[in-house]
Number of protein chains: 2
Amino acid sequence: MIRIIEVGPRDGLQNERQPIATEVKANFINSLVEAGLSEVEVTSFVSPKWVPQLGDALELVSMLPAGPDYSALVPNEKGLERALQTGLDRIAVFTAASDEFTKRNINMTIEESLEAFRPVIERFRAERKNGFVRGYVSTIVECPYAGLIEPKRVAQVVDSLFTLGVDEVSLGETIGVAVPSEIRALIGELTNWPKSRIVWHFHDTRGTAIANVASAMEAGYLAFDSSAAGLGGCPYAQGAGGNMATEDLVYFAERCGVATGVNLEKLAKASLPVLTRLGKPVTAKAQLAALAASSEAP
Amino acid sequence: MIRIIEVGPRDGLQNERQPIATEVKANFINSLVEAGLSEVEVTSFVSPKWVPQLGDALELVSMLPAGPDYSALVPNEKGLERALQTGLDRIAVFTAASDEFTKRNINMTIEESLEAFRPVIERFRAERKNGFVRGYVSTIVECPYAGLIEPKRVAQVVDSLFTLGVDEVSLGETIGVAVPSEIRALIGELTNWPKSRIVWHFHDTRGTAIANVASAMEAGYLAFDSSAAGLGGCPYAQGAGGNMATEDLVYFAERCGVATGVNLEKLAKASLPVLTRLGKPVTAKAQLAALAASSEAP
C-alpha cells in the first residue's frame, strides 16, 4: 500500500489563471475523495492579493465533508490565523534547497524561511494537539536559478525541518528534470530519518516522473504527492506541464502490485468538470486510457 | 551510447488517417536525420490496399539522401519484391507472442507467420549480401485479446526468429501496460542471445514507457525504438496515445549520462510540419519542454 497525497486542488489550481467557482472546487474534492483519495491538500492560506485563485480558502474548507485528511498550505502567521478559523488539523509550510529559489519565491533565504516557520509551527501545535505539519522542500535536484543542487544540501534542509518539528517532509523536484540516478544519489544522503516520514513530489515536465517513482519505491519509499489530471505544476518552468498525474501514479502502483485504495475509473472522471472550466483537454496518459476503456465498456 | 531506432515515419504515420504528402514525409525524415537520428524505419511495403497512407513507399525511398540506415517493414514476398526495387538494405518482419494477436492482425498463427518469413529472409539474403533483417515481436507482456503473456512464450518466439536468421529482434509492448517488474521478468528469460541483438519497443499509453526504458538500461540493454512526437502507436489500443516519444527517450538517456547523438532541440522541431498537417497538438513532454526552452532563448 502506498500513500497518495492529492495536491491538485491546491498546487493544481493555484497556477491556473482561470478562476474556478468555490462550489466546483468542493465538488472536485468530493469526487477525488469518492475515488478513494484519503489525503487531499485542498487550498492555501496565502494572501488573496497574491493568489486570488485561492482567496476562497475559508469558504471552501467549510464546504468539505468530514472524514478525509485535508491539509492546506500556510505561508506565515497571518495565513495560520485564517487556517485556525477552520477545522483543518493539517498544515504545510514550504521552503527550498536553493536560496536563489526561496529569495525569488518568498523573498527570504532558506534560513530565514525556517525561522519564519518556527512561530507558525509552535502556535499550530498549541492550538491543535493532534495537528500534523508537513514541510515542503522545493528544487531538490535542480533550481531554475542556481542550477544543480547538492544532495547534501537537501539533506541539511530536511534535517532542519524535522528539527523544527514537522511530521513529514515532501521533497519537490520542482522543475521536472530528474532521472532515477539523481533520486538515488539524494536517497543516499537521507539517512537520518525514517523513510515513512519522507514524501516524494515529482514533476513530469519531461516525462521522467514515473521512472523516479519506480526508483523511490524500489528504495522502500511509500508516499507520493500527485495531482489529478496532472493539473498545475511549477509556474517557474515555462511552457510545459508540471505535476505528475495521480492517474499515472495509481495505474503504475497498482500494476506493480502495490495497492493505492483508489478507483482509477472514478479518479479519471473526477477532474473532468474542472478541465472543462479551464478549457483544457485531458492529457494525462493513464487518465486518457482509463476514460477510453470506460467508454468502451458495455 | 544507446541506439535509437526512429519509427515515426512508418509506425507513426501508418496509423494516421490523414494522408501526408510524400514530400512532407521525406522532409520529416530529413529533419530527423539532421537532428542526429541515424536509424530510421521509413515506411512499410504492405499492400497499399490495406494501408493507403504508406502506398508511396517506392517514391518516398527514392527521395531519401544516402547515409543513414533506413529500414522498411516487409510483410510478405510481394512486399519484398517492391522493397527490392529500392536501394534499401534493411527490412523488418513482424510477428507476436500471442496467436490471438497474429490471427487478428495478419490472419496467421505465430508458427505460420514464421514460416511465411522464411522465403522472404532467404530471398533478401540472396539479393542483399550486407542486408540486415529485424524481427518484431508484438504483445510481449499482454495481448488485447489473450491477456497476459508468459515470458517463456516470448523467449520461444525470440529463439525462433534468431534461428530463422534475423539480425536483431525488437520486442514490442504493444498496448502500453507494462511496468519494470514485468520487463525484468521477461529479461530473465532472454538468456540465449546477446543483449546487443535485442531492441525494446515500449508504448507510453499509460505513462510507463520511460520507467521501462530505465529498467532495460539498468539491465544492460542499449537499443530502443521510439517515435518522434510520440506519433502513432497501436491501433488496437483505442483512445489513448501509443508510441514512446523519441524526445522523452533522448532527454532521459542524455540526463542519465548516456549519449544518443541526437540534438533534442532540432528533434523537437522536426515533427512540427507533420503535426500541423495532422491537426495535432504537441503532447510529448520533453518535446514541449524543449520547444519552450528554445523559444525562451534570446
# chains A, B, ... in the order shown; residues from 1 in each chain; ligands from 1
$ residues_around --residues "region 39-44 of chain A" --least-positions-apart "3" --cutoff "9 Å" --atoms "only C-alpha atoms" --output "VMD selection string"
chain A and resid 3 to 11 13 to 14 25 to 26 29 32 to 33 47 51 54 to 57 60 to 61 68 to 75 79 83 90 to 92
$ residues_around --residues "Glu100 (chain B)" --least-positions-apart "5" --cutoff "9 Å" --atoms "only C-alpha atoms" --output "list of chain:residue names"
B:Asn105, B:Thr109, B:Ile110, B:Cys143, B:Pro144, B:Tyr145, B:Ala146
$ write_last_selection --atoms "all heavy atoms" --output "JSON list (two decimals), in the first residue's frame"
[["chain", "number", "residue", "atom", "x", "y", "z"],
["B", 105, "ASN", "N", -4.41, -9.86, -36.61],
["B", 105, "ASN", "CA", -3.63, -8.80, -37.24],
["B", 105, "ASN", "C", -3.16, -9.19, -38.64],
["B", 105, "ASN", "O", -3.25, -8.40, -39.57],
["B", 105, "ASN", "CB", -2.42, -8.49, -36.33],
["B", 105, "ASN", "CG", -1.79, -7.15, -36.63],
["B", 105, "ASN", "OD1", -2.34, -6.35, -37.38],
["B", 105, "ASN", "ND2", -0.65, -6.90, -36.05],
["B", 109, "THR", "N", -1.28, -17.94, -37.56],
["B", 109, "THR", "CA", -0.73, -18.23, -36.24],
["B", 109, "THR", "C", 0.71, -17.72, -36.21],
["B", 109, "THR", "O", 1.28, -17.35, -37.24],
["B", 109, "THR", "CB", -0.72, -19.74, -35.95],
["B", 109, "THR", "OG1", 0.17, -20.35, -36.90],
["B", 109, "THR", "CG2", -2.11, -20.35, -36.09],
["B", 110, "ILE", "N", 1.29, -17.72, -35.00],
["B", 110, "ILE", "CA", 2.71, -17.31, -34.90],
["B", 110, "ILE", "C", 3.55, -18.22, -35.78],
["B", 110, "ILE", "O", 4.39, -17.76, -36.56],
["B", 110, "ILE", "CB", 3.19, -17.39, -33.43],
["B", 110, "ILE", "CG1", 2.39, -16.43, -32.56],
["B", 110, "ILE", "CG2", 4.68, -17.09, -33.34],
["B", 110, "ILE", "CD1", 2.61, -16.63, -31.06],
["B", 143, "CYS", "N", -1.61, -9.17, -24.34],
["B", 143, "CYS", "CA", -2.29, -9.12, -25.63],
["B", 143, "CYS", "C", -3.70, -8.59, -25.40],
["B", 143, "CYS", "O", -4.34, -8.97, -24.42],
["B", 143, "CYS", "CB", -2.34, -10.53, -26.23],
["B", 143, "CYS", "SG", -3.48, -10.70, -27.62],
["B", 144, "PRO", "N", -4.19, -7.70, -26.26],
["B", 144, "PRO", "CA", -5.54, -7.18, -26.04],
["B", 144, "PRO", "C", -6.61, -8.27, -26.13],
["B", 144, "PRO", "O", -7.72, -8.08, -25.63],
["B", 144, "PRO", "CB", -5.71, -6.14, -27.15],
["B", 144, "PRO", "CG", -4.66, -6.43, -28.16],
["B", 144, "PRO", "CD", -3.54, -7.10, -27.43],
["B", 145, "TYR", "N", -6.29, -9.41, -26.74],
["B", 145, "TYR", "CA", -7.28, -10.48, -26.90],
["B", 145, "TYR", "C", -7.03, -11.64, -25.94],
["B", 145, "TYR", "O", -7.96, -12.26, -25.44],
["B", 145, "TYR", "CB", -7.28, -11.00, -28.34],
["B", 145, "TYR", "CG", -7.26, -9.86, -29.34],
["B", 145, "TYR", "CD1", -6.22, -9.70, -30.24],
["B", 145, "TYR", "CD2", -8.29, -8.91, -29.34],
["B", 145, "TYR", "CE1", -6.20, -8.63, -31.12],
["B", 145, "TYR", "CE2", -8.26, -7.83, -30.22],
["B", 145, "TYR", "CZ", -7.22, -7.71, -31.12],
["B", 145, "TYR", "OH", -7.19, -6.65, -31.98],
["B", 146, "ALA", "N", -5.74, -11.98, -25.70],
["B", 146, "ALA", "CA", -5.43, -13.17, -24.92],
["B", 146, "ALA", "C", -5.01, -12.86, -23.48],
["B", 146, "ALA", "O", -4.79, -13.77, -22.69],
["B", 146, "ALA", "CB", -4.33, -13.97, -25.60]]
$ residues_around --residues "region 202-215 of chain B" --least-positions-apart "6" --cutoff "6 Å" --atoms "only C-alpha atoms" --output "PyMOL selection string"
(chain A and resi 211+285-286) or (chain B and resi 173+176+180+240-244)
$ closest_residue --among "B:Pro119, B:Pro273, B:Pro48, B:Gly36" --to "Ala229 (chain B)" --atoms "only C-alpha atoms"
B:Pro273
$ closest_residue --among "A:Ile187, A:Leu37, A:Leu275, A:Val177" --to "chain B" --atoms "only C-alpha atoms"
A:Val177
$ select_by_dssp --residues "region 111-150 of chain A" --states "strand (DSSP E)" --output "PDB file with N, CA and C atoms, in the first residue's frame"
ATOM      1  N   PHE A 132      -0.943  18.064  12.406  1.00  0.00           N
ATOM      2  CA  PHE A 132       0.083  17.412  11.589  1.00  0.00           C
ATOM      3  C   PHE A 132       0.697  18.478  10.701  1.00  0.00           C
ATOM      4  N   VAL A 133       2.021  18.550  10.690  1.00  0.00           N
ATOM      5  CA  VAL A 133       2.701  19.585   9.906  1.00  0.00           C
ATOM      6  C   VAL A 133       3.604  18.943   8.858  1.00  0.00           C
ATOM      7  N   ARG A 134       3.402  19.394   7.642  1.00  0.00           N
ATOM      8  CA  ARG A 134       4.256  18.944   6.545  1.00  0.00           C
ATOM      9  C   ARG A 134       5.196  20.067   6.171  1.00  0.00           C
ATOM     10  N   GLY A 135       6.433  19.729   5.850  1.00  0.00           N
ATOM     11  CA  GLY A 135       7.374  20.720   5.329  1.00  0.00           C
ATOM     12  C   GLY A 135       7.745  20.388   3.897  1.00  0.00           C
ATOM     13  N   TYR A 136       7.510  21.338   3.008  1.00  0.00           N
ATOM     14  CA  TYR A 136       7.907  21.138   1.603  1.00  0.00           C
ATOM     15  C   TYR A 136       9.325  21.642   1.380  1.00  0.00           C
ATOM     16  N   VAL A 137      10.099  20.877   0.625  1.00  0.00           N
ATOM     17  CA  VAL A 137      11.395  21.348   0.144  1.00  0.00           C
ATOM     18  C   VAL A 137      11.360  21.339  -1.383  1.00  0.00           C
ATOM     19  N   SER A 138      11.451  22.493  -1.991  1.00  0.00           N
ATOM     20  CA  SER A 138      11.467  22.578  -3.454  1.00  0.00           C
ATOM     21  C   SER A 138      12.886  22.434  -3.985  1.00  0.00           C
ATOM     22  N   GLU A 142      17.455  20.321  -8.945  1.00  0.00           N
ATOM     23  CA  GLU A 142      17.970  21.446  -9.732  1.00  0.00           C
ATOM     24  C   GLU A 142      17.062  22.647  -9.509  1.00  0.00           C
ATOM     25  N   CYS A 143      17.692  23.804  -9.474  1.00  0.00           N
ATOM     26  CA  CYS A 143      16.972  25.070  -9.287  1.00  0.00           C
ATOM     27  C   CYS A 143      17.006  25.821 -10.613  1.00  0.00           C
ATOM     28  N   GLY A 147      20.923  26.255 -10.717  1.00  0.00           N
ATOM     29  CA  GLY A 147      21.446  25.032 -11.336  1.00  0.00           C
ATOM     30  C   GLY A 147      21.348  23.831 -10.401  1.00  0.00           C
ATOM     31  N   LEU A 148      22.250  22.875 -10.617  1.00  0.00           N
ATOM     32  CA  LEU A 148      22.201  21.631  -9.849  1.00  0.00           C
ATOM     33  C   LEU A 148      22.378  21.883  -8.351  1.00  0.00           C
TER      34      LEU A 148
END
$ closest_residue --among "B:Glu77, B:Glu111, B:Glu122, B:Glu218" --to "chain A" --atoms "only C-alpha atoms"
B:Glu218
$ residues_around --residues "Val282 (chain B)" --least-positions-apart "6" --cutoff "12 Å" --atoms "only C-alpha atoms" --output "PDB file with N, CA and C atoms, in the first residue's frame"
ATOM      1  N   GLY A 239       5.989  26.839 -20.058  1.00  0.00           N
ATOM      2  CA  GLY A 239       5.609  26.222 -21.328  1.00  0.00           C
ATOM      3  C   GLY A 239       5.197  24.771 -21.247  1.00  0.00           C
ATOM      4  N   ALA A 240       5.690  24.068 -20.261  1.00  0.00           N
ATOM      5  CA  ALA A 240       5.423  22.631 -20.243  1.00  0.00           C
ATOM      6  C   ALA A 240       4.597  22.265 -19.015  1.00  0.00           C
ATOM      7  N   GLY A 241       4.028  21.084 -19.047  1.00  0.00           N
ATOM      8  CA  GLY A 241       3.232  20.590 -17.930  1.00  0.00           C
ATOM      9  C   GLY A 241       4.091  20.447 -16.699  1.00  0.00           C
ATOM     10  N   THR A 283      -4.832  15.302 -20.816  1.00  0.00           N
ATOM     11  CA  THR A 283      -3.533  14.939 -21.374  1.00  0.00           C
ATOM     12  C   THR A 283      -2.834  13.840 -20.568  1.00  0.00           C
TER      13      THR A 283
ATOM     14  N   ALA B 228       9.199  10.043 -33.079  1.00  0.00           N
ATOM     15  CA  ALA B 228       9.243  11.493 -32.862  1.00  0.00           C
ATOM     16  C   ALA B 228       7.850  12.001 -32.524  1.00  0.00           C
ATOM     17  N   ALA B 229       7.759  12.847 -31.507  1.00  0.00           N
ATOM     18  CA  ALA B 229       6.491  13.437 -31.057  1.00  0.00           C
ATOM     19  C   ALA B 229       5.519  12.393 -30.520  1.00  0.00           C
ATOM     20  N   GLY B 230       5.959  11.137 -30.404  1.00  0.00           N
ATOM     21  CA  GLY B 230       5.050  10.069 -29.974  1.00  0.00           C
ATOM     22  C   GLY B 230       4.012   9.731 -31.022  1.00  0.00           C
ATOM     23  N   LEU B 231       4.296  10.071 -32.275  1.00  0.00           N
ATOM     24  CA  LEU B 231       3.337   9.804 -33.361  1.00  0.00           C
ATOM     25  C   LEU B 231       2.969   8.334 -33.421  1.00  0.00           C
ATOM     26  N   ALA B 245       7.666   8.748 -27.099  1.00  0.00           N
ATOM     27  CA  ALA B 245       8.220   9.849 -27.872  1.00  0.00           C
ATOM     28  C   ALA B 245       9.744   9.789 -27.865  1.00  0.00           C
ATOM     29  N   GLU B 247      11.642  12.193 -28.202  1.00  0.00           N
ATOM     30  CA  GLU B 247      12.113  13.327 -27.391  1.00  0.00           C
ATOM     31  C   GLU B 247      12.263  12.913 -25.926  1.00  0.00           C
ATOM     32  N   ALA B 268      12.929  18.219 -31.538  1.00  0.00           N
ATOM     33  CA  ALA B 268      11.623  18.731 -31.103  1.00  0.00           C
ATOM     34  C   ALA B 268      10.919  19.479 -32.227  1.00  0.00           C
ATOM     35  N   LYS B 269      11.699  20.077 -33.121  1.00  0.00           N
ATOM     36  CA  LYS B 269      11.113  20.843 -34.226  1.00  0.00           C
ATOM     37  C   LYS B 269      10.821  19.982 -35.449  1.00  0.00           C
ATOM     38  N   ALA B 270      11.490  18.823 -35.540  1.00  0.00           N
ATOM     39  CA  ALA B 270      11.420  18.016 -36.764  1.00  0.00           C
ATOM     40  C   ALA B 270      10.006  17.580 -37.120  1.00  0.00           C
ATOM     41  N   SER B 271       9.187  17.281 -36.112  1.00  0.00           N
ATOM     42  CA  SER B 271       7.850  16.738 -36.380  1.00  0.00           C
ATOM     43  C   SER B 271       6.789  17.817 -36.528  1.00  0.00           C
ATOM     44  N   LEU B 272       7.137  19.080 -36.295  1.00  0.00           N
ATOM     45  CA  LEU B 272       6.103  20.129 -36.282  1.00  0.00           C
ATOM     46  C   LEU B 272       5.318  20.221 -37.592  1.00  0.00           C
ATOM     47  N   PRO B 273       5.982  20.180 -38.767  1.00  0.00           N
ATOM     48  CA  PRO B 273       5.181  20.252 -40.004  1.00  0.00           C
ATOM     49  C   PRO B 273       4.200  19.086 -40.134  1.00  0.00           C
ATOM     50  N   VAL B 274       4.605  17.890 -39.696  1.00  0.00           N
ATOM     51  CA  VAL B 274       3.703  16.734 -39.771  1.00  0.00           C
ATOM     52  C   VAL B 274       2.536  16.897 -38.793  1.00  0.00           C
ATOM     53  N   LEU B 275       2.839  17.328 -37.575  1.00  0.00           N
ATOM     54  CA  LEU B 275       1.766  17.550 -36.592  1.00  0.00           C
ATOM     55  C   LEU B 275       0.770  18.584 -37.122  1.00  0.00           C
ATOM     56  N   THR B 276       1.273  19.639 -37.726  1.00  0.00           N
ATOM     57  CA  THR B 276       0.395  20.665 -38.285  1.00  0.00           C
ATOM     58  C   THR B 276      -0.536  20.065 -39.327  1.00  0.00           C
ATOM     59  N   LEU B 288       7.652  19.336 -25.623  1.00  0.00           N
ATOM     60  CA  LEU B 288       7.076  20.595 -25.128  1.00  0.00           C
ATOM     61  C   LEU B 288       8.124  21.401 -24.374  1.00  0.00           C
ATOM     62  N   ALA B 289       8.853  20.730 -23.491  1.00  0.00           N
ATOM     63  CA  ALA B 289       9.850  21.441 -22.675  1.00  0.00           C
ATOM     64  C   ALA B 289      10.968  21.996 -23.552  1.00  0.00           C
ATOM     65  N   ALA B 290      11.397  21.213 -24.551  1.00  0.00           N
ATOM     66  CA  ALA B 290      12.484  21.677 -25.426  1.00  0.00           C
ATOM     67  C   ALA B 290      12.017  22.850 -26.286  1.00  0.00           C
ATOM     68  N   LEU B 291      10.786  22.786 -26.773  1.00  0.00           N
ATOM     69  CA  LEU B 291      10.273  23.895 -27.585  1.00  0.00           C
ATOM     70  C   LEU B 291      10.144  25.150 -26.725  1.00  0.00           C
ATOM     71  N   ALA B 292       9.677  24.981 -25.487  1.00  0.00           N
ATOM     72  CA  ALA B 292       9.543  26.141 -24.590  1.00  0.00           C
ATOM     73  C   ALA B 292      10.908  26.752 -24.308  1.00  0.00           C
TER      74      ALA B 292
END
$ select_by_dssp --residues "region 156-262 of chain B" --states "helix (DSSP H, G or I)" --output "PyMOL selection string"
chain B and resi 156-164+180-187+195-197+209-218+228-230+246-255
$ write_last_selection --atoms "C-alpha atoms" --output "mmCIF file, in the first residue's frame"
data_model
loop_
_atom_site.group_PDB
_atom_site.id
_atom_site.type_symbol
_atom_site.label_atom_id
_atom_site.label_comp_id
_atom_site.auth_asym_id
_atom_site.auth_seq_id
_atom_site.Cartn_x
_atom_site.Cartn_y
_atom_site.Cartn_z
ATOM 1 C CA GLN B 156 10.460 -19.014 -27.620
ATOM 2 C CA VAL B 157 9.398 -16.611 -30.361
ATOM 3 C CA VAL B 158 12.679 -14.715 -29.993
ATOM 4 C CA ASP B 159 14.563 -18.011 -30.348
ATOM 5 C CA SER B 160 12.549 -18.899 -33.446
ATOM 6 C CA LEU B 161 13.277 -15.541 -35.071
ATOM 7 C CA PHE B 162 17.013 -15.754 -34.436
ATOM 8 C CA THR B 163 17.003 -19.347 -35.673
ATOM 9 C CA LEU B 164 15.296 -18.136 -38.841
ATOM 10 C CA PRO B 180 9.507 -2.559 -14.800
ATOM 11 C CA SER B 181 8.921 -5.745 -12.800
ATOM 12 C CA GLU B 182 7.293 -7.288 -15.892
ATOM 13 C CA ILE B 183 10.172 -6.187 -18.114
ATOM 14 C CA ARG B 184 12.673 -7.673 -15.660
ATOM 15 C CA ALA B 185 10.721 -10.934 -15.574
ATOM 16 C CA LEU B 186 10.948 -11.097 -19.366
ATOM 17 C CA ILE B 187 14.638 -10.192 -19.336
ATOM 18 C CA LYS B 195 21.729 -8.178 -25.304
ATOM 19 C CA SER B 196 23.104 -6.189 -28.227
ATOM 20 C CA ARG B 197 20.736 -8.054 -30.566
ATOM 21 C CA ALA B 209 7.495 3.738 -21.063
ATOM 22 C CA ILE B 210 10.404 5.693 -19.602
ATOM 23 C CA ALA B 211 10.323 3.651 -16.382
ATOM 24 C CA ASN B 212 10.563 0.544 -18.571
ATOM 25 C CA VAL B 213 13.460 2.064 -20.526
ATOM 26 C CA ALA B 214 15.184 2.691 -17.199
ATOM 27 C CA SER B 215 14.761 -0.941 -16.173
ATOM 28 C CA ALA B 216 16.081 -2.223 -19.516
ATOM 29 C CA MET B 217 19.040 0.176 -19.458
ATOM 30 C CA GLU B 218 19.881 -0.894 -15.909
ATOM 31 C CA ALA B 228 9.243 11.493 -32.862
ATOM 32 C CA ALA B 229 6.491 13.437 -31.057
ATOM 33 C CA GLY B 230 5.050 10.069 -29.974
ATOM 34 C CA THR B 246 11.803 9.953 -29.133
ATOM 35 C CA GLU B 247 12.113 13.327 -27.391
ATOM 36 C CA ASP B 248 11.333 11.737 -23.998
ATOM 37 C CA LEU B 249 13.832 8.938 -24.692
ATOM 38 C CA VAL B 250 16.605 11.314 -25.784
ATOM 39 C CA TYR B 251 16.044 13.602 -22.798
ATOM 40 C CA PHE B 252 16.044 10.677 -20.381
ATOM 41 C CA ALA B 253 19.149 8.972 -21.768
ATOM 42 C CA GLU B 254 21.193 12.169 -22.001
ATOM 43 C CA ARG B 255 20.227 13.184 -18.455
#
$ closest_residue --among "B:Val199, B:Ile121, B:Ala284, B:Leu264" --to "chain A" --atoms "only C-alpha atoms"
B:Ala284
$ decode --residues "region 201-287 of chain A" --atoms "C-alpha atoms" --output "PDB file, in the first residue's frame"
ATOM      1  CA  HIS A 201       6.792  15.153  -5.077  1.00  0.00           C
ATOM      2  CA  PHE A 202       7.852  14.592  -8.675  1.00  0.00           C
ATOM      3  CA  HIS A 203       7.009  16.754 -11.635  1.00  0.00           C
ATOM      4  CA  ASP A 204       6.564  15.167 -15.041  1.00  0.00           C
ATOM      5  CA  THR A 205       7.713  18.106 -17.134  1.00  0.00           C
ATOM      6  CA  ARG A 206       9.991  15.894 -19.257  1.00  0.00           C
ATOM      7  CA  GLY A 207       8.288  12.540 -18.795  1.00  0.00           C
ATOM      8  CA  THR A 208      10.556  11.181 -16.065  1.00  0.00           C
ATOM      9  CA  ALA A 209       8.213  11.253 -13.031  1.00  0.00           C
ATOM     10  CA  ILE A 210       7.079   7.627 -13.104  1.00  0.00           C
ATOM     11  CA  ALA A 211      10.645   6.381 -13.557  1.00  0.00           C
ATOM     12  CA  ASN A 212      11.550   8.408 -10.468  1.00  0.00           C
ATOM     13  CA  VAL A 213       8.593   6.942  -8.564  1.00  0.00           C
ATOM     14  CA  ALA A 214       9.861   3.492  -9.519  1.00  0.00           C
ATOM     15  CA  SER A 215      13.323   4.259  -8.163  1.00  0.00           C
ATOM     16  CA  ALA A 216      11.917   5.648  -4.894  1.00  0.00           C
ATOM     17  CA  MET A 217       9.545   2.670  -4.479  1.00  0.00           C
ATOM     18  CA  GLU A 218      12.416   0.267  -5.098  1.00  0.00           C
ATOM     19  CA  ALA A 219      14.351   2.067  -2.365  1.00  0.00           C
ATOM     20  CA  GLY A 220      11.477   1.497   0.063  1.00  0.00           C
ATOM     21  CA  TYR A 221       9.606   4.815  -0.037  1.00  0.00           C
ATOM     22  CA  LEU A 222       5.845   4.564   0.002  1.00  0.00           C
ATOM     23  CA  ALA A 223       4.387   8.086  -0.141  1.00  0.00           C
ATOM     24  CA  PHE A 224       3.950  10.357  -3.142  1.00  0.00           C
ATOM     25  CA  ASP A 225       2.311  13.665  -3.945  1.00  0.00           C
ATOM     26  CA  SER A 226       0.463  13.922  -7.237  1.00  0.00           C
ATOM     27  CA  SER A 227      -2.215  15.960  -8.943  1.00  0.00           C
ATOM     28  CA  ALA A 228      -5.381  14.650 -10.596  1.00  0.00           C
ATOM     29  CA  ALA A 229      -5.146  15.091 -14.391  1.00  0.00           C
ATOM     30  CA  GLY A 230      -1.634  16.498 -13.850  1.00  0.00           C
ATOM     31  CA  LEU A 231      -3.216  19.879 -13.065  1.00  0.00           C
ATOM     32  CA  GLY A 232      -0.854  22.689 -12.253  1.00  0.00           C
ATOM     33  CA  GLY A 233       2.840  22.390 -11.691  1.00  0.00           C
ATOM     34  CA  CYS A 234       5.598  24.868 -11.330  1.00  0.00           C
ATOM     35  CA  PRO A 235       4.972  28.346 -12.707  1.00  0.00           C
ATOM     36  CA  TYR A 236       8.755  28.740 -12.952  1.00  0.00           C
ATOM     37  CA  ALA A 237       9.112  26.055 -15.617  1.00  0.00           C
ATOM     38  CA  GLN A 238       7.612  27.832 -18.592  1.00  0.00           C
ATOM     39  CA  GLY A 239       5.609  26.222 -21.328  1.00  0.00           C
ATOM     40  CA  ALA A 240       5.423  22.631 -20.243  1.00  0.00           C
ATOM     41  CA  GLY A 241       3.232  20.590 -17.930  1.00  0.00           C
ATOM     42  CA  GLY A 242       4.199  20.101 -14.370  1.00  0.00           C
ATOM     43  CA  ASN A 243       2.686  17.848 -11.778  1.00  0.00           C
ATOM     44  CA  MET A 244       2.751  14.110 -12.076  1.00  0.00           C
ATOM     45  CA  ALA A 245      -0.806  12.949 -12.770  1.00  0.00           C
ATOM     46  CA  THR A 246      -2.400  10.985  -9.935  1.00  0.00           C
ATOM     47  CA  GLU A 247      -3.898   8.721 -12.620  1.00  0.00           C
ATOM     48  CA  ASP A 248      -0.413   7.768 -13.881  1.00  0.00           C
ATOM     49  CA  LEU A 249       0.744   7.119 -10.304  1.00  0.00           C
ATOM     50  CA  VAL A 250      -2.295   4.991  -9.413  1.00  0.00           C
ATOM     51  CA  TYR A 251      -2.020   2.969 -12.623  1.00  0.00           C
ATOM     52  CA  PHE A 252       1.683   2.398 -12.098  1.00  0.00           C
ATOM     53  CA  ALA A 253       1.475   1.381  -8.440  1.00  0.00           C
ATOM     54  CA  GLU A 254      -1.488  -0.940  -8.939  1.00  0.00           C
ATOM     55  CA  ARG A 255       0.184  -2.631 -11.933  1.00  0.00           C
ATOM     56  CA  CYS A 256       3.272  -3.069  -9.733  1.00  0.00           C
ATOM     57  CA  GLY A 257       1.049  -4.929  -7.279  1.00  0.00           C
ATOM     58  CA  VAL A 258       1.051  -2.066  -4.771  1.00  0.00           C
ATOM     59  CA  ALA A 259      -2.403  -1.044  -3.583  1.00  0.00           C
ATOM     60  CA  THR A 260      -3.467   2.606  -3.616  1.00  0.00           C
ATOM     61  CA  GLY A 261      -7.076   2.385  -2.442  1.00  0.00           C
ATOM     62  CA  VAL A 262      -8.047   4.489  -5.457  1.00  0.00           C
ATOM     63  CA  ASN A 263     -10.574   3.579  -8.157  1.00  0.00           C
ATOM     64  CA  LEU A 264      -8.852   4.678 -11.377  1.00  0.00           C
ATOM     65  CA  GLU A 265     -12.029   4.957 -13.412  1.00  0.00           C
ATOM     66  CA  LYS A 266     -13.675   7.255 -10.859  1.00  0.00           C
ATOM     67  CA  LEU A 267     -10.472   9.236 -10.498  1.00  0.00           C
ATOM     68  CA  ALA A 268     -10.198   9.699 -14.272  1.00  0.00           C
ATOM     69  CA  LYS A 269     -13.638  11.315 -14.287  1.00  0.00           C
ATOM     70  CA  ALA A 270     -13.182  13.422 -11.132  1.00  0.00           C
ATOM     71  CA  SER A 271     -11.258  16.243 -12.817  1.00  0.00           C
ATOM     72  CA  LEU A 272     -13.375  16.499 -15.974  1.00  0.00           C
ATOM     73  CA  PRO A 273     -15.614  19.366 -14.759  1.00  0.00           C
ATOM     74  CA  VAL A 274     -12.539  21.366 -13.724  1.00  0.00           C
ATOM     75  CA  LEU A 275     -10.760  20.690 -17.019  1.00  0.00           C
ATOM     76  CA  THR A 276     -13.877  21.809 -18.881  1.00  0.00           C
ATOM     77  CA  ARG A 277     -13.975  25.079 -16.938  1.00  0.00           C
ATOM     78  CA  LEU A 278     -10.273  25.646 -17.569  1.00  0.00           C
ATOM     79  CA  GLY A 279     -10.770  24.884 -21.277  1.00  0.00           C
ATOM     80  CA  LYS A 280      -8.092  22.195 -21.086  1.00  0.00           C
ATOM     81  CA  PRO A 281      -8.013  18.813 -22.787  1.00  0.00           C
ATOM     82  CA  VAL A 282      -7.255  15.594 -20.942  1.00  0.00           C
ATOM     83  CA  THR A 283      -3.533  14.939 -21.374  1.00  0.00           C
ATOM     84  CA  ALA A 284      -2.618  12.549 -18.527  1.00  0.00           C
ATOM     85  CA  LYS A 285      -1.909   9.216 -20.176  1.00  0.00           C
ATOM     86  CA  ALA A 286      -3.418   6.794 -17.688  1.00  0.00           C
ATOM     87  CA  GLN A 287      -6.436   9.100 -17.447  1.00  0.00           C
TER      88      GLN A 287
END
